[in-house]
$ cat run-v6.cif   # mmCIF, C-alpha atoms
data_entry
#
loop_
_atom_site.label_atom_id
_atom_site.label_comp_id
_atom_site.auth_asym_id
_atom_site.auth_seq_id
_atom_site.Cartn_x
_atom_site.Cartn_y
_atom_site.Cartn_z
CA MET A 986 11.47 53.36 13.55
CA SER A 987 12.38 52.34 10.02
CA ILE A 988 14.13 49.06 9.33
CA THR A 989 17.91 49.43 9.23
CA PRO A 990 20.71 47.25 7.85
CA HIS A 991 21.51 46.38 11.49
CA ASP A 992 17.97 44.99 11.84
CA GLU A 993 18.43 42.81 8.79
CA ARG A 994 21.83 41.63 10.00
CA PHE A 995 20.53 40.57 13.40
CA MET A 996 17.41 38.98 11.90
CA ALA A 997 19.57 37.00 9.46
CA ALA A 998 21.52 35.72 12.46
CA ALA A 999 18.27 34.79 14.24
CA ILE A 1000 17.10 32.89 11.16
CA ARG A 1001 20.39 30.98 10.97
CA LEU A 1002 20.02 30.15 14.67
CA SER A 1003 16.45 28.90 14.13
CA ARG A 1004 17.72 26.20 11.78
CA TRP A 1005 19.72 24.50 14.53
CA HIS A 1006 16.74 22.51 15.75
CA LEU A 1007 14.77 21.94 12.54
CA GLY A 1008 12.96 18.61 12.75
CA ARG A 1009 13.57 18.34 16.52
CA THR A 1010 10.91 20.59 18.09
CA ALA A 1011 7.87 18.28 17.74
CA THR A 1012 4.78 20.22 16.62
CA ASN A 1013 6.25 23.58 17.65
CA PRO A 1014 8.23 25.63 15.13
CA SER A 1015 11.98 26.02 15.52
CA VAL A 1016 12.26 29.74 16.28
CA GLY A 1017 15.38 31.84 16.73
CA CYS A 1018 15.57 34.82 19.11
CA LEU A 1019 18.31 37.38 19.78
CA ILE A 1020 18.25 40.04 22.50
CA VAL A 1021 20.39 43.00 21.37
CA ARG A 1022 21.41 45.97 23.53
CA ASP A 1023 23.50 48.84 22.12
CA GLY A 1024 24.45 46.71 19.12
CA VAL A 1025 25.66 43.78 21.23
CA ILE A 1026 23.91 40.39 21.49
CA VAL A 1027 23.23 39.81 25.19
CA GLY A 1028 20.93 36.80 24.84
CA ARG A 1029 20.26 34.21 22.17
CA ALA A 1030 18.28 30.98 21.93
CA VAL A 1031 16.46 28.57 19.66
CA THR A 1032 13.32 26.63 20.52
CA ALA A 1033 14.42 23.72 22.70
CA ILE A 1034 14.41 20.13 21.48
CA SER A 1035 10.89 18.70 21.85
CA GLY A 1036 9.47 22.22 21.52
CA ARG A 1037 9.83 23.73 25.02
CA PRO A 1038 10.95 26.08 26.38
CA HIS A 1039 10.42 28.60 23.61
CA ALA A 1040 13.25 30.67 22.18
CA GLU A 1041 12.15 34.01 23.66
CA THR A 1042 12.03 32.88 27.28
CA GLN A 1043 15.46 31.25 27.03
CA ALA A 1044 17.05 34.29 25.35
CA LEU A 1045 15.50 36.65 27.92
CA ALA A 1046 16.76 34.52 30.78
CA GLU A 1047 20.26 34.64 29.33
CA ALA A 1048 20.09 38.41 28.92
CA GLY A 1049 18.67 38.97 32.41
CA ALA A 1050 18.62 42.63 33.47
CA LEU A 1051 20.30 43.61 30.19
CA ALA A 1052 17.03 42.85 28.38
CA ARG A 1053 15.45 46.06 29.77
CA GLY A 1054 15.46 48.64 26.98
CA ALA A 1055 16.91 46.14 24.48
CA THR A 1056 15.61 44.97 21.09
CA ALA A 1057 14.40 41.40 20.60
CA TYR A 1058 14.75 39.84 17.15
CA VAL A 1059 12.36 36.91 16.71
CA THR A 1060 11.83 34.84 13.58
CA LEU A 1061 8.14 34.16 14.39
CA GLU A 1062 5.57 36.35 16.13
CA PRO A 1063 5.73 35.72 19.90
CA CYS A 1064 2.86 33.58 21.18
CA SER A 1065 0.05 35.34 23.05
CA HIS A 1066 -1.95 32.40 24.42
CA HIS A 1067 -1.59 30.32 27.55
CA GLY A 1068 -0.63 26.74 26.72
CA ARG A 1069 1.74 24.55 28.68
CA THR A 1070 3.85 27.67 29.19
CA PRO A 1071 2.92 31.36 29.64
CA PRO A 1072 2.82 33.55 26.51
CA CYS A 1073 6.19 34.70 25.20
CA ALA A 1074 4.68 38.15 24.58
CA GLU A 1075 4.11 38.45 28.32
CA ALA A 1076 7.72 37.49 29.02
CA LEU A 1077 9.01 40.18 26.64
CA ILE A 1078 6.82 42.74 28.41
CA ALA A 1079 7.89 41.59 31.87
CA TYR A 1080 11.60 41.87 31.03
CA GLY A 1081 11.07 45.42 29.75
CA VAL A 1082 12.31 45.15 26.18
CA ALA A 1083 11.82 48.38 24.25
CA ARG A 1084 11.40 46.99 20.75
CA VAL A 1085 10.55 43.68 19.08
CA VAL A 1086 11.50 42.95 15.46
CA ILE A 1087 9.64 40.03 13.85
CA SER A 1088 10.24 38.21 10.58
CA VAL A 1089 6.98 36.24 10.12
CA THR A 1090 3.50 36.74 11.58
CA ASP A 1091 2.16 33.50 13.06
CA PRO A 1092 -0.78 32.02 11.08
CA ASP A 1093 -1.95 30.06 14.14
CA PRO A 1094 -5.40 31.58 14.86
CA ARG A 1095 -4.59 31.57 18.58
CA VAL A 1096 -1.74 33.99 17.90
CA SER A 1097 -2.07 35.66 14.49
CA GLY A 1098 -1.62 39.36 15.20
CA ARG A 1099 -2.50 39.02 18.87
CA GLY A 1100 1.09 38.75 20.00
CA ILE A 1101 1.94 41.97 18.16
CA ALA A 1102 -1.14 43.72 19.58
CA MET A 1103 -0.24 42.66 23.13
CA LEU A 1104 3.28 44.05 22.77
CA ARG A 1105 2.10 47.37 21.32
CA GLU A 1106 -0.54 47.78 24.02
CA ALA A 1107 2.30 47.50 26.54
CA GLY A 1108 4.11 50.38 24.83
CA ILE A 1109 6.68 48.22 23.02
CA GLU A 1110 7.64 49.24 19.50
CA VAL A 1111 7.06 46.40 17.02
CA ASP A 1112 8.32 46.03 13.44
CA ALA A 1113 7.23 42.96 11.47
CA GLY A 1114 8.13 41.51 8.07
CA VAL A 1115 11.91 41.87 8.34
CA LEU A 1116 13.56 39.36 5.96
CA GLU A 1117 10.13 37.76 5.68
CA ALA A 1118 10.97 35.61 2.64
CA GLU A 1119 13.98 34.12 4.39
CA GLY A 1120 12.00 33.68 7.60
CA ARG A 1121 9.17 31.90 5.83
CA GLN A 1122 11.66 29.55 4.21
CA SER A 1123 13.12 28.58 7.59
CA LEU A 1124 9.59 28.07 8.97
CA ALA A 1125 8.24 26.35 5.84
CA ALA A 1126 7.29 23.10 7.58
CA TYR A 1127 5.39 24.82 10.40
CA LEU A 1128 3.66 27.29 8.06
CA THR A 1129 2.55 24.53 5.69
CA ARG A 1130 1.04 22.41 8.45
CA GLN A 1131 -0.73 25.46 9.88
CA THR A 1132 -2.12 26.82 6.61
CA LYS A 1133 -2.56 23.67 4.49
CA ASN A 1134 -3.10 20.99 7.14
CA ARG A 1135 -0.32 18.82 5.74
CA PRO A 1136 3.46 18.43 5.95
CA TYR A 1137 5.85 20.42 3.79
CA VAL A 1138 6.98 17.94 1.11
CA THR A 1139 10.48 17.80 -0.34
CA LEU A 1140 11.15 15.49 -3.29
CA LYS A 1141 14.79 14.43 -3.57
CA LEU A 1142 16.07 12.80 -6.75
CA ALA A 1143 19.58 11.78 -7.79
CA ILE A 1144 19.86 11.48 -11.57
CA SER A 1145 22.63 9.98 -13.68
CA ALA A 1146 24.08 11.63 -16.77
CA ASP A 1147 21.74 9.51 -18.91
CA GLY A 1148 18.63 10.50 -16.94
CA MET A 1149 18.25 7.44 -14.70
CA ILE A 1150 17.66 7.06 -10.96
CA GLY A 1151 18.62 3.39 -10.71
CA ARG A 1152 18.91 0.07 -12.52
CA GLU A 1153 16.28 -2.65 -12.56
CA GLY A 1154 17.18 -5.64 -10.44
CA ALA A 1155 20.36 -4.05 -9.11
CA GLY A 1156 19.15 -2.90 -5.69
CA GLN A 1157 20.63 0.36 -4.47
CA VAL A 1158 22.79 2.01 -7.12
CA THR A 1159 25.24 4.71 -6.06
CA ILE A 1160 24.82 7.75 -8.29
CA THR A 1161 26.18 10.71 -6.34
CA GLY A 1162 29.51 11.03 -4.57
CA PRO A 1163 30.28 11.18 -0.83
CA LEU A 1164 29.89 14.96 -0.51
CA ALA A 1165 26.39 14.94 -1.99
CA ARG A 1166 25.40 11.93 0.10
CA ALA A 1167 26.56 13.74 3.25
CA GLN A 1168 24.31 16.65 2.29
CA VAL A 1169 21.35 14.28 2.00
CA GLN A 1170 22.11 12.95 5.47
CA ALA A 1171 21.90 16.53 6.78
CA LEU A 1172 18.54 16.95 5.05
CA ARG A 1173 17.23 13.78 6.68
CA ALA A 1174 18.38 15.02 10.08
CA GLU A 1175 16.19 18.14 9.87
CA THR A 1176 13.12 16.35 8.49
CA ASP A 1177 10.33 14.76 10.53
CA ALA A 1178 9.67 11.80 8.22
CA ILE A 1179 11.00 10.11 5.09
CA LEU A 1180 8.80 8.20 2.64
CA ILE A 1181 9.33 5.54 -0.04
CA GLY A 1182 7.14 3.12 -1.98
CA ILE A 1183 7.05 -0.62 -1.38
CA GLY A 1184 8.80 -1.25 -4.69
CA THR A 1185 11.84 0.67 -3.51
CA ALA A 1186 11.66 -0.94 -0.07
CA ILE A 1187 11.81 -4.41 -1.61
CA ALA A 1188 14.33 -3.69 -4.39
CA ASP A 1189 16.79 -1.59 -2.37
CA ASP A 1190 16.22 -2.75 1.23
CA PRO A 1191 17.20 0.73 2.48
CA LEU A 1192 17.76 1.76 6.09
CA LEU A 1193 16.70 5.42 5.65
CA THR A 1194 18.38 6.58 8.86
CA VAL A 1195 20.86 9.39 9.47
CA ARG A 1196 24.34 7.92 9.48
CA THR A 1197 26.39 11.08 10.05
CA PRO A 1198 28.34 10.59 13.31
CA GLY A 1199 26.65 12.50 16.11
CA LEU A 1200 23.36 12.94 14.26
CA GLU A 1201 22.09 9.35 14.38
CA SER A 1202 19.47 10.24 16.99
CA GLN A 1203 17.90 12.68 14.52
CA SER A 1204 16.83 9.94 12.11
CA PRO A 1205 13.34 10.68 10.73
CA ILE A 1206 10.28 8.49 11.04
CA ARG A 1207 10.38 6.04 8.12
CA ILE A 1208 7.19 5.58 6.08
CA VAL A 1209 6.48 2.93 3.43
CA LEU A 1210 3.51 3.02 1.06
CA ASP A 1211 2.57 -0.66 1.20
CA PRO A 1212 -1.09 -1.37 0.33
CA SER A 1213 -0.91 -5.14 0.80
CA LEU A 1214 1.67 -5.31 3.62
CA ALA A 1215 4.33 -6.85 1.41
CA LEU A 1216 7.27 -5.38 3.36
CA PRO A 1217 9.62 -8.32 4.08
CA LEU A 1218 10.01 -9.16 7.74
CA THR A 1219 13.74 -9.58 7.12
CA SER A 1220 14.11 -6.05 5.72
CA LYS A 1221 16.38 -3.53 7.43
CA LEU A 1222 13.36 -1.34 8.09
CA VAL A 1223 11.53 -4.03 10.05
CA GLU A 1224 14.66 -5.23 11.83
CA THR A 1225 15.34 -1.69 13.14
CA ALA A 1226 11.74 -0.63 13.79
CA ARG A 1227 12.22 -0.63 17.56
CA GLN A 1228 15.19 1.72 17.27
CA VAL A 1229 13.76 4.17 14.69
CA PRO A 1230 9.98 4.29 14.08
CA VAL A 1231 8.55 2.71 10.94
CA ILE A 1232 5.02 3.37 9.66
CA VAL A 1233 3.58 1.15 6.96
CA VAL A 1234 0.64 2.70 5.12
CA ALA A 1235 -1.71 -0.09 4.07
CA SER A 1236 -4.92 0.06 2.09
CA GLU A 1237 -8.11 0.56 4.00
CA GLU A 1238 -9.92 -2.69 4.60
CA GLY A 1239 -12.01 -3.70 1.64
CA SER A 1240 -10.09 -1.51 -0.82
CA LEU A 1241 -7.00 -3.57 -1.60
CA SER A 1242 -5.45 -3.15 -5.03
CA GLN A 1243 -2.30 -4.46 -6.64
CA ALA A 1244 0.67 -2.70 -5.08
CA GLU A 1245 3.80 -1.32 -6.65
CA GLY A 1246 6.36 -4.07 -6.52
CA GLY A 1247 4.45 -6.20 -4.01
CA ASN A 1248 2.41 -9.40 -4.01
CA LEU A 1249 -1.24 -9.12 -3.04
CA PRO A 1250 -2.10 -11.32 -0.05
CA VAL A 1251 -4.68 -14.00 -0.78
CA ASP A 1252 -7.39 -12.73 1.57
CA ALA A 1253 -8.20 -10.56 4.56
CA THR A 1254 -7.06 -13.29 6.95
CA ASP A 1255 -3.59 -13.24 5.43
CA MET A 1256 -3.61 -9.44 5.67
CA ASP A 1257 -4.50 -9.63 9.36
CA SER A 1258 -1.73 -12.14 9.94
CA ARG A 1259 0.91 -9.97 8.26
CA ARG A 1260 -0.25 -6.93 10.18
CA ALA A 1261 0.04 -8.80 13.46
CA VAL A 1262 3.57 -9.97 12.67
CA LEU A 1263 4.70 -6.51 11.57
CA GLU A 1264 3.25 -4.91 14.68
CA ALA A 1265 4.93 -7.53 16.85
CA ALA A 1266 8.24 -6.44 15.30
CA GLY A 1267 7.55 -2.82 16.27
CA VAL A 1268 6.16 -1.55 12.95
CA GLU A 1269 3.10 0.70 13.10
CA VAL A 1270 0.47 -0.19 10.49
CA VAL A 1271 -1.83 2.62 9.40
CA HIS A 1272 -4.83 2.01 7.15
CA CYS A 1273 -5.16 5.00 4.83
CA ASN A 1274 -5.22 4.86 1.03
CA PRO A 1275 -1.47 5.00 0.35
CA TYR A 1276 -1.86 6.18 -3.24
CA HIS A 1277 -4.01 9.20 -2.44
CA PRO A 1278 -1.52 11.66 -0.92
CA GLU A 1279 -4.23 14.28 -0.54
CA VAL A 1280 -5.72 11.96 2.11
CA LEU A 1281 -2.47 10.62 3.52
CA LEU A 1282 -0.71 13.93 4.12
CA PRO A 1283 -3.37 15.44 6.43
CA ALA A 1284 -3.36 12.16 8.35
CA LEU A 1285 0.40 12.52 8.85
CA ALA A 1286 -0.07 16.13 9.96
CA THR A 1287 -2.41 15.00 12.75
CA ARG A 1288 0.53 12.93 14.04
CA GLY A 1289 2.68 16.05 14.35
CA ILE A 1290 4.64 15.43 11.13
CA SER A 1291 5.40 18.87 9.66
CA SER A 1292 8.06 17.96 7.08
CA LEU A 1293 8.24 14.96 4.75
CA LEU A 1294 11.09 13.86 2.49
CA VAL A 1295 10.04 11.71 -0.48
CA GLU A 1296 13.05 9.67 -1.60
CA GLY A 1297 11.76 6.97 -3.89
CA GLY A 1298 11.05 5.43 -6.20
CA ALA A 1299 9.95 6.76 -9.58
CA LYS A 1300 6.28 5.81 -9.16
CA THR A 1301 6.08 7.38 -5.73
CA ALA A 1302 7.74 10.57 -7.00
CA ARG A 1303 5.25 10.79 -9.87
CA LEU A 1304 2.39 10.20 -7.44
CA PHE A 1305 3.24 13.29 -5.40
CA LEU A 1306 4.16 15.39 -8.42
CA GLU A 1307 0.92 14.62 -10.25
CA ALA A 1308 -1.08 15.39 -7.12
CA GLY A 1309 0.58 18.81 -6.94
CA LEU A 1310 1.72 18.11 -3.39
CA VAL A 1311 5.47 18.71 -3.70
CA ASP A 1312 6.70 21.98 -2.21
CA ARG A 1313 10.42 21.68 -2.88
CA ILE A 1314 12.48 19.67 -5.37
CA GLN A 1315 16.12 18.81 -4.75
CA LEU A 1316 17.58 17.54 -8.00
CA TYR A 1317 21.07 16.03 -7.86
CA GLN A 1318 22.75 15.46 -11.22
CA ALA A 1319 25.85 13.28 -11.39
CA PRO A 1320 28.27 12.30 -14.19
CA VAL A 1321 27.64 8.56 -13.60
CA VAL A 1322 26.09 6.63 -16.52
CA ILE A 1323 23.60 3.87 -15.65
CA GLY A 1324 23.18 2.39 -19.14
CA GLU A 1325 21.00 -0.63 -19.90
CA ARG A 1326 17.97 -1.46 -17.73
CA GLY A 1327 18.08 1.99 -16.23
CA ILE A 1328 15.03 3.30 -14.37
CA GLU A 1329 14.07 6.61 -15.95
CA SER A 1330 13.75 9.64 -13.67
CA PRO A 1331 10.21 11.07 -13.38
CA LEU A 1332 11.65 14.52 -14.15
CA ASP A 1333 14.84 16.38 -14.95
CA ALA A 1334 15.98 19.99 -15.05
CA THR A 1335 14.22 20.56 -18.38
CA ASP A 1336 10.71 19.62 -17.24
CA ILE A 1337 10.28 21.04 -13.74
CA PRO A 1338 6.52 21.52 -13.16
CA SER A 1339 5.07 25.00 -13.47
CA GLY A 1340 4.80 26.98 -10.27
CA PHE A 1341 8.32 26.16 -9.11
CA THR A 1342 11.10 28.73 -8.95
CA HIS A 1343 14.76 27.83 -9.26
CA THR A 1344 16.24 28.99 -5.95
CA GLY A 1345 19.86 27.97 -6.28
CA THR A 1346 22.62 25.69 -7.50
CA LEU A 1347 25.34 24.07 -5.40
CA MET A 1348 28.23 21.83 -6.39
CA PHE A 1349 29.34 18.87 -4.27
CA GLY A 1350 32.44 17.62 -5.99
CA GLU A 1351 31.32 16.61 -9.47
CA ASP A 1352 27.65 16.47 -8.47
CA ARG A 1353 25.30 19.40 -9.06
CA LEU A 1354 22.32 20.18 -6.84
CA ASP A 1355 19.54 22.37 -8.23
CA GLU A 1356 16.78 23.36 -5.85
CA TYR A 1357 13.29 24.46 -6.84
CA GLU A 1358 10.56 25.75 -4.54
CA ARG A 1359 6.89 26.50 -4.78
CA GLY A 1360 5.76 29.66 -3.00
CA LEU A 1361 4.27 29.20 0.47
#

$ encode --input "run-v6.cif" --output "structure tokens"
Amino acid sequence: MSITPHDERFMAAAIRLSRWHLGRTATNPSVGCLIVRDGVIVGRAVTAISGRPHAETQALAEAGALARGATAYVTLEPCSHHGRTPPCAEALIAYGVARVVISVTDPDPRVSGRGIAMLREAGIEVDAGVLEAEGRQSLAAYLTRQTKNRPYVTLKLAISADGMIGREGAGQVTITGPLARAQVQALRAETDAILIGIGTAIADDPLLTVRTPGLESQSPIRIVLDPSLALPLTSKLVETARQVPVIVVASEEGSLSQAEGGNLPVDATDMDSRRAVLEAAGVEVVHCNPYHPEVLLPALATRGISSLLVEGGAKTARLFLEAGLVDRIQLYQAPVVIGERGIESPLDATDIPSGFTHTGTLMFGEDRLDEYERGL
């Protein structure tokens, strides 16, 4: 059967549904599934929070007997292997669906193509690649961790009219308006972890949580690049470490170097003492060269972190850009003027690195958001 506009319409709905639990399904992807019979949706689901149960089994259960002879629309190829739960391909077969429409084939070697083969061997018609570009975008974090062994990295910058991202010695400087800031809160809520450098942590003393009412529990893990463990014990990050996880990335023993914005401890004994105090406050200290993201990112992936938001500051942004490890850029431009002692942005709309495609512009009041993405 050829792909029809109805197929694209239902798959678009499944993709929208899949976004409901972004950043909340642990190491599993957030997948959307619709069961459609005679043009009517009789079952729908998204991967459950924490990753189980999967979308297909929930949608099939909702559809019940109506699933027999129906079409299932799934944003990711149904799993074919036995893990903590039986394969979703088996569930689709058992419920008697007649056709399965898939957006993206799963790159996981335990699944890749096997789920489709299992369905076809059972006599089920399968069509794959429907709205694949949109599906891959919704699954970007999962696909990046599977194929590149690292999190999908988004760099967010808010730039003033004179090209600045802050002012020296002024702490946090408000650049964008309330509508744009609310959008950033939504981005945090669907991201596994957020990262800043120690210079920003000291200068701004940020909280880095989600403050939108009702979404506070979706605050991401907070990560600070802090080679010499200079994060103040009185900082908001340390004071809230038991409520929302904080990871401090320190230099590997024997490889300390002067940190951005921090003071180098006198010796290893001092380093050990600071680590002990931070850990006693609930902060996790990880020893991994903080200024080599090509080493750090795979280490974060082993912890189940699939998406990472880099928020500051300028040196940290340049670090990831120069390493070629940014997948998406969100560039907010506001009419505010910073003026003297401004901190220059590491990039603007005129010097986006090669390999990025401009994917859209949105306005939030007077603030403009331009988004750029690198192909997966």

$ residues_around --input "run-v6.cif" --residues "region 1124-1127 of chain A" --least-positions-apart "2" --cutoff "12 Å" --atoms "all atoms listed in the file" --output "PyMOL selection string"
chain A and resi 1000-1001+1003-1004+1006-1017+1060-1062+1088-1093+1117-1122+1129-1139+1175-1178+1286+1289-1294+1312-1313+1358-1361

$ closest_residue --input "run-v6.cif" --among "A:Ser1065, A:Ser1330, A:Ser1236, A:Thr1159" --to "Arg1099 (chain A)" --atoms "all atoms listed in the file"
A:Ser1065

$ residues_around --input "run-v6.cif" --residues "Gln1315 (chain A)" --least-positions-apart "5" --cutoff "7 Å" --atoms "all atoms listed in the file" --output "ChimeraX atom specification"
/A:1140-1142,1354-1357

$ closest_residue --input "run-v6.cif" --among "A:Ile1150, A:Val1195, A:Leu1285, A:Ile1020" --to "Ala1171 (chain A)" --atoms "all atoms listed in the file"
A:Val1195

$ closest_residue --input "run-v6.cif" --among "A:Ala1044, A:Ala1143, A:Ile1187, A:Ala1215" --to "Ala1155 (chain A)" --atoms "all atoms listed in the file"
A:Ile1187

$ resolve_selection --input "run-v6.cif" --expression "the PyMOL selection byres ((chain A and resi 1262-1266) around 8)" --output "list of chain:residue names"
A:Leu1218, A:Val1223, A:Glu1224, A:Ala1226, A:Arg1227, A:Ser1258, A:Arg1259, A:Arg1260, A:Ala1261, A:Gly1267, A:Val1268, A:Glu1269, A:Val1270

$ closest_residue --input "run-v6.cif" --among "A:Gly1327, A:Leu1210, A:Ala1167, A:Phe995" --to "Pro1198 (chain A)" --atoms "only C-alpha atoms"
A:Ala1167

$ closest_residue --input "run-v6.cif" --among "A:Glu1307, A:Asp1023, A:Glu1041, A:Glu1106" --to "Ala999 (chain A)" --atoms "all atoms listed in the file"
A:Glu1041

$ residues_around --input "run-v6.cif" --residues "Ile1206 (chain A)" --least-positions-apart "2" --cutoff "8 Å" --atoms "all atoms listed in the file" --output "MDAnalysis selection string"
chainID A and resid 1177:1179 1204 1208 1229:1232

$ write_last_selection --input "run-v6.cif" --atoms "C-alpha atoms" --output "PDB file, keeping the file's coordinate frame"
ATOM      1  CA  ASP A1177      10.330  14.760  10.530  1.00  0.00           C
ATOM      2  CA  ALA A1178       9.670  11.800   8.220  1.00  0.00           C
ATOM      3  CA  ILE A1179      11.000  10.110   5.090  1.00  0.00           C
ATOM      4  CA  SER A1204      16.830   9.940  12.110  1.00  0.00           C
ATOM      5  CA  ILE A1208       7.190   5.580   6.080  1.00  0.00           C
ATOM      6  CA  VAL A1229      13.760   4.170  14.690  1.00  0.00           C
ATOM      7  CA  PRO A1230       9.980   4.290  14.080  1.00  0.00           C
ATOM      8  CA  VAL A1231       8.550   2.710  10.940  1.00  0.00           C
ATOM      9  CA  ILE A1232       5.020   3.370   9.660  1.00  0.00           C
TER      10      ILE A1232
END

$ closest_residue --input "run-v6.cif" --among "A:Met1348, A:Ala1057, A:Val1169, A:Ala1046" --to "Val1025 (chain A)" --atoms "all atoms listed in the file"
A:Ala1057

$ resolve_selection --input "run-v6.cif" --expression "the PyMOL selection byres ((chain A and resi 1145) around 8)" --output "PyMOL selection string"
chain A and resi 1143-1144+1146-1150+1160+1318-1323

$ write_last_selection --input "run-v6.cif" --atoms "C-alpha atoms" --output "JSON list (two decimals), in the coordinates of the input"
[["chain", "number", "residue", "atom", "x", "y", "z"],
["A", 1143, "ALA", "CA", 19.58, 11.78, -7.79],
["A", 1144, "ILE", "CA", 19.86, 11.48, -11.57],
["A", 1146, "ALA", "CA", 24.08, 11.63, -16.77],
["A", 1147, "ASP", "CA", 21.74, 9.51, -18.91],
["A", 1148, "GLY", "CA", 18.63, 10.50, -16.94],
["A", 1149, "MET", "CA", 18.25, 7.44, -14.70],
["A", 1150, "ILE", "CA", 17.66, 7.06, -10.96],
["A", 1160, "ILE", "CA", 24.82, 7.75, -8.29],
["A", 1318, "GLN", "CA", 22.75, 15.46, -11.22],
["A", 1319, "ALA", "CA", 25.85, 13.28, -11.39],
["A", 1320, "PRO", "CA", 28.27, 12.30, -14.19],
["A", 1321, "VAL", "CA", 27.64, 8.56, -13.60],
["A", 1322, "VAL", "CA", 26.09, 6.63, -16.52],
["A", 1323, "ILE", "CA", 23.60, 3.87, -15.65]]

$ resolve_selection --input "run-v6.cif" --expression "the PyMOL selection byres ((chain A and resi 1211) around 8)" --output "MDAnalysis selection string"
chainID A and resid 1182:1183 1209:1210 1212:1216 1233:1236 1244:1245 1247 1275

$ residues_around --input "run-v6.cif" --residues "Ala1299 (chain A)" --least-positions-apart "2" --cutoff "10 Å" --atoms "all atoms listed in the file" --output "PyMOL selection string"
chain A and resi 1142+1149-1151+1181-1182+1184-1185+1296-1297+1301-1304+1328-1332

$ atom_distance --input "run-v6.cif" --atom1 "CA of Tyr1080 (chain A)" --atom2 "CA of Ala1052 (chain A)"
6.1 Å

$ residues_around --input "run-v6.cif" --residues "Phe1349 (chain A)" --least-positions-apart "6" --cutoff "10 Å" --atoms "only C-alpha atoms" --output "MDAnalysis selection string"
chainID A and resid 1161:1168 1317 1319

$ atom_distance --input "run-v6.cif" --atom1 "CA of Pro1278 (chain A)" --atom2 "CA of Gly1298 (chain A)"
15.0 Å

$ atom_distance --input "run-v6.cif" --atom1 "CA of Arg1053 (chain A)" --atom2 "CA of Val1021 (chain A)"
10.2 Å

$ axis_aligned_box --input "run-v6.cif" --around "region 1075-1086 of chain A" --padding-each-side "6 Å" --output "JSON"
{"center_x": 8.2, "center_y": 42.9, "center_z": 23.7, "size_x": 20.2, "size_y": 22.9, "size_z": 28.4}
